[in-house]
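Undergrad: Take a look at run_1.txt, compact mmCIF, C-alpha atoms:
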```
# COMPACT_ATOMS: atom_id res chain seq x y z
CA MET A 23 -9.24 3.59 15.57
CA THR A 24 -6.80 1.13 14.14
CA CYS A 25 -5.12 1.07 10.80
CA TYR A 26 -4.40 -2.38 9.42
CA SER A 27 -2.75 -1.84 6.08
CA PHE A 28 -2.06 0.63 3.32
CA TYR A 29 -1.53 0.20 -0.40
CA ILE A 30 -0.59 2.39 -3.37
CA PHE A 31 -1.38 1.31 -6.93
CA ASP A 32 0.02 3.11 -9.96
CA ARG A 33 -1.75 3.82 -13.25
CA HIS A 34 -0.48 0.54 -14.67
CA THR A 35 -2.52 -1.29 -12.01
CA GLU A 36 0.61 -2.43 -10.24
CA CYS A 37 0.96 -2.33 -6.47
CA ILE A 38 3.92 -0.04 -5.92
CA TYR A 39 3.79 0.12 -2.15
CA SER A 40 2.19 -1.80 0.67
CA LYS A 41 2.50 -1.67 4.39
CA LEU A 42 0.94 -3.75 7.12
CA TRP A 43 0.64 -2.56 10.69
CA ALA A 44 0.59 -4.96 13.58
CA ARG A 45 -2.59 -5.00 15.55
CA GLN A 46 -2.42 -4.20 19.22
CA ASP A 47 -5.73 -5.65 20.18
CA ARG A 48 -6.78 -8.99 18.77
CA PRO A 49 -10.50 -9.49 19.21
CA LEU A 50 -11.43 -11.47 16.13
CA SER A 51 -8.40 -13.52 15.42
CA ALA A 52 -8.99 -15.98 18.28
CA GLY A 53 -8.60 -19.55 17.22
CA ILE A 54 -5.79 -18.82 14.89
CA ASP A 55 -2.45 -19.90 16.11
CA PRO A 56 -0.04 -17.02 15.46
CA SER A 57 2.88 -19.39 15.15
CA SER A 58 1.23 -21.02 12.14
CA ILE A 59 1.43 -17.77 10.22
CA PRO A 60 4.39 -17.73 7.91
CA ALA A 61 6.84 -14.95 8.63
CA SER A 62 6.26 -13.15 5.38
CA ASN A 63 7.03 -9.51 4.77
CA GLY A 64 10.44 -9.42 6.32
CA GLY A 65 9.83 -10.18 9.97
CA ALA A 66 6.55 -8.34 10.35
CA GLN A 67 4.56 -9.20 13.43
CA SER A 68 2.33 -12.20 13.17
CA ASP A 69 -0.97 -10.60 14.17
CA LEU A 70 -1.79 -8.26 11.34
CA GLY A 71 -5.52 -7.71 11.31
CA PRO A 72 -8.06 -9.14 8.90
CA ALA A 73 -5.81 -8.84 5.92
CA ARG A 74 -3.62 -11.49 7.50
CA ALA A 75 -6.01 -13.21 9.86
CA ARG A 76 -7.66 -15.48 7.35
CA PRO A 77 -7.50 -19.23 7.56
CA ALA A 78 -6.40 -19.51 3.95
CA ARG A 79 -3.04 -17.82 3.66
CA LEU A 80 -2.32 -15.64 0.69
CA SER A 81 0.96 -14.05 -0.12
CA ALA A 82 1.22 -10.28 0.24
CA GLN A 83 1.27 -10.09 -3.52
CA ASP A 84 -2.00 -11.94 -3.86
CA ASP A 85 -3.48 -9.69 -1.20
CA ALA A 86 -2.59 -6.65 -3.25
CA LYS A 87 -4.02 -8.19 -6.41
CA LEU A 88 -7.26 -9.04 -4.65
CA ILE A 89 -7.58 -5.54 -3.27
CA PHE A 90 -6.90 -4.00 -6.63
CA GLY A 91 -9.47 -6.22 -8.30
CA THR A 92 -12.01 -5.23 -5.68
CA ILE A 93 -11.52 -1.49 -5.90
CA PHE A 94 -11.29 -1.55 -9.67
CA SER A 95 -14.58 -3.36 -10.05
CA LEU A 96 -16.30 -1.40 -7.32
CA ARG A 97 -15.19 1.90 -8.77
CA ASN A 98 -16.46 1.01 -12.21
CA MET A 99 -19.69 -0.31 -10.80
CA VAL A 100 -20.26 2.86 -8.76
CA ARG A 101 -19.71 4.94 -11.86
CA LYS A 102 -22.05 2.86 -13.97
CA LEU A 103 -24.83 2.80 -11.41
CA GLY A 104 -24.53 6.51 -10.69
CA GLY A 105 -24.55 7.57 -14.30
CA PRO A 106 -22.45 10.31 -15.84
CA ASP A 107 -23.19 12.75 -13.09
CA ASP A 108 -20.50 15.29 -12.47
CA ARG A 109 -22.06 17.27 -9.70
CA TYR A 110 -20.25 17.52 -6.41
CA ILE A 111 -21.26 17.48 -2.83
CA HIS A 112 -19.69 19.33 0.04
CA THR A 113 -18.68 17.35 3.02
CA TYR A 114 -16.59 17.95 6.07
CA ALA A 115 -13.63 15.91 7.17
CA HIS A 116 -11.00 16.52 9.76
CA THR A 117 -7.46 16.98 8.67
CA THR A 118 -4.33 16.58 10.63
CA GLY A 119 -1.50 18.50 9.13
CA ASN A 120 1.31 19.65 11.32
CA GLY A 121 -1.00 21.94 13.20
CA PRO A 122 -3.97 21.12 15.41
CA ARG A 123 -6.83 19.03 14.09
CA LYS A 124 -9.43 21.01 12.22
CA TRP A 125 -12.49 20.36 10.15
CA GLU A 126 -12.23 21.32 6.53
CA LYS A 127 -14.79 21.60 3.81
CA MET A 128 -14.02 19.33 0.91
CA LEU A 129 -15.60 18.60 -2.40
CA ILE A 130 -16.36 15.03 -3.33
CA GLN A 131 -17.49 13.86 -6.69
CA ARG A 132 -20.91 12.36 -6.16
CA ASN A 133 -20.12 9.28 -8.08
CA SER A 134 -16.77 8.52 -6.66
CA PHE A 135 -16.20 5.40 -4.66
CA ILE A 136 -15.07 6.44 -1.20
CA SER A 137 -15.13 3.42 1.08
CA TYR A 138 -16.84 0.16 1.90
CA ARG A 139 -17.31 -1.63 5.17
CA THR A 140 -17.61 -5.23 6.20
CA GLY A 141 -18.16 -6.70 9.62
CA GLN A 142 -14.42 -6.89 10.11
CA TYR A 143 -12.82 -3.92 8.48
CA LYS A 144 -13.39 -0.79 6.42
CA LEU A 145 -11.63 -0.02 3.17
CA HIS A 146 -10.94 3.61 2.27
CA TYR A 147 -10.13 4.69 -1.23
CA TYR A 148 -8.74 7.77 -2.91
CA GLU A 149 -7.68 8.09 -6.53
CA THR A 150 -5.72 11.07 -7.84
CA PRO A 151 -6.49 12.56 -11.27
CA THR A 152 -3.25 10.89 -12.38
CA SER A 153 -4.76 7.47 -11.57
CA ILE A 154 -2.65 6.73 -8.53
CA LYS A 155 -4.84 4.84 -6.12
CA PHE A 156 -4.45 4.98 -2.35
CA VAL A 157 -6.12 2.31 -0.25
CA MET A 158 -6.28 1.96 3.51
CA LEU A 159 -7.81 -0.77 5.60
CA THR A 160 -8.92 0.26 9.07
CA ASP A 161 -11.29 -0.97 11.74
CA THR A 162 -15.01 -0.48 11.18
CA GLN A 163 -15.42 2.51 13.53
CA THR A 164 -13.18 4.80 11.55
CA LEU A 165 -14.78 7.86 9.96
CA ASN A 166 -14.04 9.24 6.51
CA MET A 167 -10.34 8.79 5.72
CA ARG A 168 -10.45 10.17 2.20
CA ASN A 169 -8.91 13.41 3.29
CA VAL A 170 -6.19 11.55 5.19
CA LEU A 171 -5.34 9.61 2.03
CA HIS A 172 -5.28 12.87 0.12
CA GLN A 173 -2.91 14.30 2.72
CA ILE A 174 -0.67 11.26 2.35
CA TYR A 175 -0.56 11.93 -1.37
CA VAL A 176 0.10 15.67 -1.05
CA ASN A 177 2.48 15.74 1.89
CA LEU A 178 4.24 12.41 1.66
CA TYR A 179 4.00 10.81 -1.78
CA VAL A 180 4.59 13.98 -3.79
CA GLU A 181 7.22 15.34 -1.41
CA PHE A 182 9.29 12.21 -0.87
CA VAL A 183 8.68 10.08 -3.94
CA VAL A 184 7.80 12.33 -6.88
CA LYS A 185 10.20 15.10 -5.92
CA ASN A 186 13.06 12.71 -5.24
CA PRO A 187 15.30 13.25 -8.26
CA LEU A 188 16.82 9.80 -7.86
CA SER A 189 13.53 7.95 -8.02
CA PRO A 190 12.24 7.05 -11.48
CA VAL A 191 9.09 8.60 -12.97
CA GLU A 192 7.29 5.28 -13.05
CA HIS A 193 7.77 2.77 -10.26
CA PRO A 194 7.68 -0.74 -11.75
CA GLY A 195 7.96 -3.20 -8.87
CA GLY A 196 7.81 -0.33 -6.40
CA VAL A 197 11.27 1.05 -7.21
CA GLY A 198 11.84 4.36 -5.46
CA VAL A 199 8.64 4.44 -3.45
CA ALA A 200 9.68 2.72 -0.25
CA ASN A 201 12.51 5.08 0.56
CA GLU A 202 13.45 5.82 4.13
CA LEU A 203 11.92 9.30 4.32
CA PHE A 204 8.60 8.15 2.92
CA GLU A 205 8.38 5.10 5.17
CA LEU A 206 9.26 7.06 8.26
CA ALA A 207 6.92 9.93 7.51
CA LEU A 208 4.07 7.58 6.62
CA ASP A 209 4.43 5.66 9.85
CA GLN A 210 4.48 8.86 11.88
CA PHE A 211 1.58 10.36 9.96
CA VAL A 212 -0.64 7.34 10.40
CA LYS A 213 0.21 7.08 14.09
CA GLY A 214 -0.54 10.79 14.43
CA VAL A 215 -3.96 10.43 12.86
CA LEU A 216 -4.97 7.52 15.06
CA MET B 16 -17.60 31.79 -16.87
CA ALA B 17 -17.83 30.27 -13.42
CA SER B 18 -15.01 27.78 -13.78
CA ALA B 19 -12.67 30.41 -15.21
CA SER B 20 -13.08 32.78 -12.28
CA LYS B 21 -12.80 29.90 -9.85
CA ALA B 22 -9.58 28.76 -11.50
CA ALA B 23 -8.23 32.30 -11.32
CA ARG B 24 -9.03 32.45 -7.62
CA ILE B 25 -7.33 29.11 -6.90
CA GLY B 26 -4.28 30.14 -8.89
CA GLU B 27 -3.99 33.45 -7.09
CA GLU B 28 -4.38 31.89 -3.69
CA VAL B 29 -1.88 29.09 -4.28
CA TRP B 30 0.66 31.48 -5.78
CA LYS B 31 0.39 33.76 -2.77
CA SER B 32 0.44 31.19 -0.02
CA ARG B 33 1.89 27.87 -1.07
CA VAL B 34 4.67 28.39 -3.59
CA ASP B 35 8.37 28.83 -2.95
CA LYS B 36 9.62 31.60 -5.20
CA VAL B 37 12.94 31.91 -6.98
CA ASN B 38 14.41 34.88 -8.75
CA ALA B 39 12.86 35.16 -12.22
CA GLU B 40 16.17 36.14 -13.79
CA LEU B 41 17.71 32.94 -12.46
CA VAL B 42 15.06 30.97 -14.35
CA THR B 43 15.55 33.04 -17.50
CA LEU B 44 19.30 32.67 -17.45
CA THR B 45 19.28 28.97 -16.62
CA TYR B 46 16.83 28.21 -19.40
CA GLY B 47 18.79 30.38 -21.81
CA THR B 48 21.93 28.45 -20.98
CA ILE B 49 20.21 25.15 -21.66
CA VAL B 50 18.95 26.29 -25.06
CA ALA B 51 22.32 27.79 -25.98
CA GLN B 52 24.08 24.57 -25.00
CA LEU B 53 21.64 22.48 -27.02
CA CYS B 54 22.21 24.69 -30.06
CA LYS B 55 25.93 24.12 -29.61
CA ASP B 56 25.64 20.37 -29.04
CA TYR B 57 23.46 19.86 -32.09
CA GLU B 58 25.52 22.24 -34.20
CA SER B 59 22.61 24.61 -34.79
CA ASP B 60 20.31 21.87 -36.03
CA TYR B 61 17.29 23.77 -34.67
CA VAL B 62 14.76 21.12 -35.59
CA GLU B 63 16.65 18.73 -33.35
CA VAL B 64 16.93 21.38 -30.62
CA ASN B 65 13.13 21.85 -30.68
CA LYS B 66 12.75 18.11 -30.34
CA GLN B 67 15.14 17.89 -27.40
CA LEU B 68 13.45 20.80 -25.62
CA GLU B 69 10.09 19.12 -26.09
CA LYS B 70 11.48 15.90 -24.68
CA MET B 71 12.94 17.65 -21.63
CA GLY B 72 9.61 19.34 -21.06
CA TYR B 73 7.79 16.04 -21.38
CA ASN B 74 9.90 14.49 -18.65
CA ILE B 75 9.35 17.54 -16.46
CA GLY B 76 5.60 17.39 -17.11
CA LEU B 77 5.33 13.77 -16.02
CA ARG B 78 6.38 14.78 -12.50
CA LEU B 79 5.18 18.36 -12.42
CA ILE B 80 1.56 17.26 -12.69
CA GLU B 81 1.79 15.62 -9.26
CA ASP B 82 3.19 18.79 -7.73
CA TYR B 83 0.48 20.77 -9.49
CA LEU B 84 -2.24 18.53 -8.07
CA ALA B 85 -0.72 18.67 -4.62
CA LYS B 86 -0.32 22.45 -4.57
CA SER B 87 -3.68 23.25 -6.13
CA ASN B 88 -5.40 20.65 -3.93
CA THR B 89 -7.20 19.27 -6.94
CA MET B 90 -9.20 16.22 -5.92
CA ARG B 91 -10.93 15.45 -9.20
CA ARG B 92 -10.55 15.50 -12.94
CA CYS B 93 -11.78 18.38 -15.06
CA THR B 94 -15.20 17.71 -16.50
CA ASN B 95 -14.37 18.96 -19.99
CA PHE B 96 -11.48 20.23 -22.06
CA LYS B 97 -12.53 23.86 -21.60
CA GLU B 98 -12.14 23.51 -17.88
CA THR B 99 -8.76 21.86 -18.47
CA ALA B 100 -7.68 24.89 -20.51
CA ASP B 101 -8.73 27.24 -17.71
CA MET B 102 -6.85 25.21 -15.14
CA ILE B 103 -3.71 25.10 -17.29
CA SER B 104 -3.64 28.83 -17.82
CA LYS B 105 -4.98 30.22 -14.59
CA VAL B 106 -3.68 27.65 -12.12
CA GLY B 107 -0.80 25.79 -13.78
CA PHE B 108 1.07 28.65 -15.41
CA LYS B 109 0.06 30.93 -12.56
CA ILE B 110 1.53 28.87 -9.73
CA PHE B 111 4.70 27.83 -11.49
CA LEU B 112 5.53 30.96 -13.50
CA ASN B 113 3.11 33.63 -12.25
CA ILE B 114 1.74 34.22 -15.74
CA THR B 115 -1.73 33.54 -17.13
CA PRO B 116 -1.62 33.03 -20.88
CA THR B 117 -4.81 34.04 -22.67
CA ILE B 118 -7.03 31.20 -23.89
CA THR B 119 -8.50 31.87 -27.31
CA ASN B 120 -9.26 30.58 -30.80
CA TRP B 121 -11.32 27.55 -29.77
CA THR B 122 -12.36 25.31 -32.60
CA SER B 123 -16.08 24.58 -32.75
CA ASP B 124 -15.62 21.00 -31.51
CA SER B 125 -13.85 22.32 -28.37
CA LYS B 126 -10.83 20.16 -28.93
CA GLN B 127 -8.30 22.75 -29.94
CA PHE B 128 -7.32 26.09 -28.46
CA SER B 129 -4.52 28.62 -28.40
CA LEU B 130 -2.57 30.00 -25.52
CA ILE B 131 -1.27 33.50 -26.13
CA PHE B 132 1.71 34.38 -23.97
CA ASP B 133 1.57 38.11 -23.30
CA GLU B 134 4.59 37.71 -21.11
CA ASN B 135 7.05 34.85 -21.13
CA PRO B 136 9.65 34.70 -18.39
CA LEU B 137 11.74 32.25 -20.41
CA ALA B 138 12.20 34.72 -23.23
CA ASP B 139 13.23 37.86 -21.34
CA PHE B 140 16.46 39.39 -22.70
CA VAL B 141 16.56 36.80 -25.49
CA GLU B 142 17.68 37.36 -29.04
CA LEU B 143 17.70 34.42 -31.41
CA PRO B 144 21.01 33.66 -33.16
CA ASP B 145 21.51 35.83 -36.20
CA ASP B 146 22.37 33.07 -38.66
CA GLY B 147 19.34 33.43 -40.91
CA ARG B 148 17.91 30.07 -39.83
CA ALA B 149 17.11 30.33 -36.14
CA GLN B 150 14.42 32.92 -36.91
CA ASP B 151 12.58 30.36 -39.02
CA GLU B 152 13.38 27.09 -37.29
CA LEU B 153 13.97 27.47 -33.55
CA TRP B 154 10.97 27.52 -31.20
CA TYR B 155 12.76 28.98 -28.23
CA SER B 156 10.13 28.15 -25.57
CA ASN B 157 9.39 24.70 -26.94
CA ILE B 158 9.89 23.17 -23.48
CA PHE B 159 6.35 24.38 -22.61
CA CYS B 160 4.87 22.12 -25.29
CA GLY B 161 6.57 19.12 -23.73
CA VAL B 162 5.52 20.04 -20.20
CA LEU B 163 1.88 20.25 -21.24
CA ARG B 164 2.04 17.01 -23.19
CA GLY B 165 3.67 15.15 -20.29
CA ALA B 166 1.43 16.57 -17.61
CA LEU B 167 -1.81 16.00 -19.52
CA GLU B 168 -0.78 12.50 -20.47
CA MET B 169 -0.58 11.61 -16.78
CA ALA B 170 -4.08 13.03 -16.36
CA GLN B 171 -5.26 10.68 -19.13
CA MET B 172 -5.36 13.19 -21.94
CA GLN B 173 -3.27 12.73 -25.05
CA VAL B 174 -2.58 16.13 -26.54
CA GLU B 175 -0.44 17.65 -29.23
CA ALA B 176 1.09 21.06 -28.58
CA HIS B 177 3.20 23.30 -30.76
CA PHE B 178 4.02 26.96 -31.18
CA ILE B 179 2.69 28.72 -34.24
CA SER B 180 4.19 32.15 -33.61
CA ASP B 181 6.80 33.71 -31.36
CA ILE B 182 7.59 37.34 -30.64
CA LEU B 183 11.26 36.37 -30.72
CA ARG B 184 10.84 35.53 -34.41
CA GLY B 185 9.34 38.93 -35.09
CA ASN B 186 5.69 37.79 -34.92
CA ASP B 187 3.09 39.97 -33.22
CA SER B 188 2.41 37.48 -30.44
CA THR B 189 3.63 34.23 -28.93
CA GLU B 190 0.96 31.64 -29.58
CA MET B 191 0.82 27.93 -28.76
CA ARG B 192 -1.76 25.62 -30.28
CA ILE B 193 -3.00 22.70 -28.17
CA THR B 194 -5.06 19.86 -29.61
CA LEU B 195 -6.81 17.13 -27.65
CA ILE B 196 -6.24 13.89 -29.49
CA ARG B 197 -8.09 11.54 -27.17
CA TYR B 198 -8.81 10.66 -23.57
CA ILE B 199 -6.68 7.72 -22.52
CA ASP B 200 -8.59 4.77 -21.08
CA ASP B 201 -7.80 3.21 -17.72
CA GLU B 202 -5.39 0.36 -17.92
CA MET B 203 -6.94 -2.98 -17.10
CA PRO B 204 -5.38 -5.35 -14.61
CA MET B 205 -3.59 -8.27 -16.16
CA GLU B 206 -5.30 -11.63 -16.30
CA ASP B 207 -4.09 -14.01 -13.66
CA ASP B 208 -2.79 -17.23 -15.04
```
Just dump the structure as structure tokens.
TA:
Amino acid sequence: MTCYSFYIFDRHTECIYSKLWARQDRPLSAGIDPSSIPASNGGAQSDLGPARARPARLSAQDDAKLIFGTIFSLRNMVRKLGGPDDRYIHTYAHTTGNGPRKWEKMLIQRNSFISYRTGQYKLHYYETPTSIKFVMLTDTQTLNMRNVLHQIYVNLYVEFVVKNPLSPVEHPGGVGVANELFELALDQFVKGVL
Amino acid sequence: MASASKAARIGEEVWKSRVDKVNAELVTLTYGTIVAQLCKDYESDYVEVNKQLEKMGYNIGLRLIEDYLAKSNTMRRCTNFKETADMISKVGFKIFLNITPTITNWTSDSKQFSLIFDENPLADFVELPDDGRAQDELWYSNIFCGVLRGALEMAQMQVEAHFISDILRGNDSTEMRITLIRYIDDEMPMEDD
């Protein structure tokens, strides 16, 4: 399983954090000359998965806007199609806390938008009741990552961003989110899950 | 009610296993110091003190909601305001203060209820100033109103909360009234130009 990128959007629809991981394998990006890719994102590696491996280059900002537009529309569509149904289904997902991997029962709102998959990648989505949206792009083989996103929220975002007394309550432009502890822990956590 | 007993179970479990505890007297004394200092700073203008306490609470609430969601492992929004009330009392107050205020006096449209505080850790050992005004003007625990307003606002509920009686004032009970004003809509993304 490979994780390509990760985004957080706040309740004002702004992208307050994004991270791209370099891809180790490069099956689908043949034909694209890595040197033609502009060195955006502060010296990130050139081969960055589907988010970056498009012929038409978009800035990281446009990427985030596109992703937000997609999840926003999809979420609303899922809700409209499903109707005002507030029943819940039980499902099982594996969690990786500090301890060994285990399967945990979790409750998912029937109408919530969880993920979508294309031929190239899979997008996972989790929204907190406070309208913070977590998005992760992975390869297509990855199983349900909703619980992983929830863990990122509980163990990393709340611990290192919300509880940091120096970071503001709202994060316009991402102020206070990308602090060292959060970045480090996120990187380790994602590598640990994979 | 099913959701009430479920909320009570969650609250109990989280309080037992996932919450760092501090000495209750430390909380009482710290809060007392804050209120006393505010009374001094605003020269016993208790209306202003109430306002400042509410504002402090509001700013606490804005962040506390995230900690609440993380600790209680809440993955979804409440389906109605009654469930919200249960979660506030039996999970929120339980995990942060180890109290469960009684929910009562619902209006028929289910948009307004009271929380009765049988115990209130903030108000232990407290006597209001004996200047003839504090008894009528100061809402000692007004920070709670702000916390609820801030926390619920982040969960897309605009509420109004105020105390209507306080044992410290000589009333029979400490009662807070909470009114749901509206559910806040999602913000729309800005148009690209």
Undergrad: Taking all atoms listed in the file into account, which residues of chain A are within 6 Å of chain B, as a ChimeraX atom specification?
TA: /A:34-35,151-152,176
Undergrad: Please produce a file of the residues just selected, as a tab-separated table (two decimals), in the frame of the given file, where the atoms kept are C-alpha atoms.
TA:
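Wrote it out as out24.tsv, contents follow:
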```tsv
chain	number	residue	atom	x	y	z
A	34	HIS	CA	-0.48	0.54	-14.67
A	35	THR	CA	-2.52	-1.29	-12.01
A	151	PRO	CA	-6.49	12.56	-11.27
A	152	THR	CA	-3.25	10.89	-12.38
A	176	VAL	CA	0.10	15.67	-1.05
```
Undergrad: Tell me, as a PDB file with C-alpha atoms, in the frame of the given file, which residues lie within 7 Å of Val157 of chain A, counting only C-alpha atoms; anything in the same chain fewer than 2 positions away does not count.
TA:
```pdb
ATOM      1  CA  PHE A  28      -2.060   0.630   3.320  1.00  0.00           C
ATOM      2  CA  TYR A  29      -1.530   0.200  -0.400  1.00  0.00           C
ATOM      3  CA  ILE A  30      -0.590   2.390  -3.370  1.00  0.00           C
ATOM      4  CA  LEU A 145     -11.630  -0.020   3.170  1.00  0.00           C
ATOM      5  CA  HIS A 146     -10.940   3.610   2.270  1.00  0.00           C
ATOM      6  CA  TYR A 147     -10.130   4.690  -1.230  1.00  0.00           C
ATOM      7  CA  TYR A 148      -8.740   7.770  -2.910  1.00  0.00           C
ATOM      8  CA  LYS A 155      -4.840   4.840  -6.120  1.00  0.00           C
ATOM      9  CA  LEU A 159      -7.810  -0.770   5.600  1.00  0.00           C
TER      10      LEU A 159
END
```
Undergrad: Identify, on the basis of all atoms listed in the file, every residue whose closest approach to Ile103 of chain B does not exceed 12 Å; exclude the query and any residue fewer than 3 positions from it along the same chain; express the result as a short mmCIF file (atom, residue, chain, number, x, y, z; two decimals) with C-alpha atoms, keeping the file's coordinate frame.
TA:
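Done, and the output landed in out-v4.cif:
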```
data_model
loop_
_atom_site.label_atom_id
_atom_site.label_comp_id
_atom_site.auth_asym_id
_atom_site.auth_seq_id
_atom_site.Cartn_x
_atom_site.Cartn_y
_atom_site.Cartn_z
CA ALA B 19 -12.67 30.41 -15.21
CA ALA B 22 -9.58 28.76 -11.50
CA ALA B 23 -8.23 32.30 -11.32
CA ILE B 25 -7.33 29.11 -6.90
CA GLY B 26 -4.28 30.14 -8.89
CA ILE B 80 1.56 17.26 -12.69
CA TYR B 83 0.48 20.77 -9.49
CA LEU B 84 -2.24 18.53 -8.07
CA SER B 87 -3.68 23.25 -6.13
CA CYS B 93 -11.78 18.38 -15.06
CA PHE B 96 -11.48 20.23 -22.06
CA LYS B 97 -12.53 23.86 -21.60
CA GLU B 98 -12.14 23.51 -17.88
CA THR B 99 -8.76 21.86 -18.47
CA ALA B 100 -7.68 24.89 -20.51
CA VAL B 106 -3.68 27.65 -12.12
CA GLY B 107 -0.80 25.79 -13.78
CA PHE B 108 1.07 28.65 -15.41
CA LYS B 109 0.06 30.93 -12.56
CA ILE B 110 1.53 28.87 -9.73
CA PHE B 111 4.70 27.83 -11.49
CA LEU B 112 5.53 30.96 -13.50
CA ILE B 114 1.74 34.22 -15.74
CA THR B 115 -1.73 33.54 -17.13
CA PRO B 116 -1.62 33.03 -20.88
CA THR B 117 -4.81 34.04 -22.67
CA ILE B 118 -7.03 31.20 -23.89
CA PHE B 128 -7.32 26.09 -28.46
CA SER B 129 -4.52 28.62 -28.40
CA LEU B 130 -2.57 30.00 -25.52
CA PHE B 159 6.35 24.38 -22.61
CA VAL B 162 5.52 20.04 -20.20
CA LEU B 163 1.88 20.25 -21.24
CA ARG B 164 2.04 17.01 -23.19
CA ALA B 166 1.43 16.57 -17.61
CA LEU B 167 -1.81 16.00 -19.52
CA ILE B 193 -3.00 22.70 -28.17
#
```
Undergrad: So how many Å separate atom CA of Asp32 of chain A and atom CA of Ile154 of chain A, to one decimal?
TA: 4.7 Å
Undergrad: Kindly indicate which residue among B:Ser188, B:Asn135, B:Asn113, B:Asn65 lies nearest to Cys160 of chain B, using only C-alpha atoms for the distances.
TA: B:Asn65
Undergrad: What is the distance between atom CA of Leu143 of chain B and atom CA of Glu190 of chain B, in Å to one decimal?
TA: 17.1 Å
Undergrad: How many Å separate atom CA of Phe211 of chain A from atom CA of Val199 of chain A?
TA: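 Between these atoms lies a distance of 16.3 Å.
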Undergrad: Can I get the residues of segment 102-143 of chain B within 7 Å of segment 35-49 of chain B, each with the closest pair of atoms and their distance in Å to one decimal, using only C-alpha atoms, sorted chain first then ascending number, as JSON lines?
TA:
```
{"residue": "B:Pro136", "atom": "CA", "partner": "B:Thr43", "partner_atom": "CA", "distance": 6.2}
{"residue": "B:Leu137", "atom": "CA", "partner": "B:Thr43", "partner_atom": "CA", "distance": 4.9}
{"residue": "B:Ala138", "atom": "CA", "partner": "B:Thr43", "partner_atom": "CA", "distance": 6.8}
{"residue": "B:Asp139", "atom": "CA", "partner": "B:Thr43", "partner_atom": "CA", "distance": 6.6}
```
Undergrad: Keeping only C-alpha atoms, write the selected residues to a file as a PDB file, keeping the file's coordinate frame.
TA:
```pdb
ATOM      1  CA  PRO B 136       9.650  34.700 -18.390  1.00  0.00           C
ATOM      2  CA  LEU B 137      11.740  32.250 -20.410  1.00  0.00           C
ATOM      3  CA  ALA B 138      12.200  34.720 -23.230  1.00  0.00           C
ATOM      4  CA  ASP B 139      13.230  37.860 -21.340  1.00  0.00           C
TER       5      ASP B 139
END
```
Undergrad: Using only C-alpha atoms, pick whichever of A:Leu80, A:Ala44, A:Ile93, A:Leu206 has the shortest atom-to-atom distance to Phe156 of chain A.
TA: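 The shortest atom-to-atom distance to Phe156 of chain A comes from A:Ile93.
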Undergrad: Rank B:Glu134, B:Asp101, B:Glu69, B:Asp56 by their smallest atom-to-atom distance to Trp154 of chain B, using only C-alpha atoms, and report the top residue only.
TA: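 Closest residue, counting only C-alpha atoms: B:Glu69.
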Undergrad: Every residue with an atom at most 8 Å from (6.5, 28.0, -33.0) (file coordinates; all atoms listed in the file) is what I'm after, so could you write them as JSON, numbers by chain?
TA: {"B": [153, 154, 155, 157, 177, 178, 179, 180, 181, 189, 190, 191]}
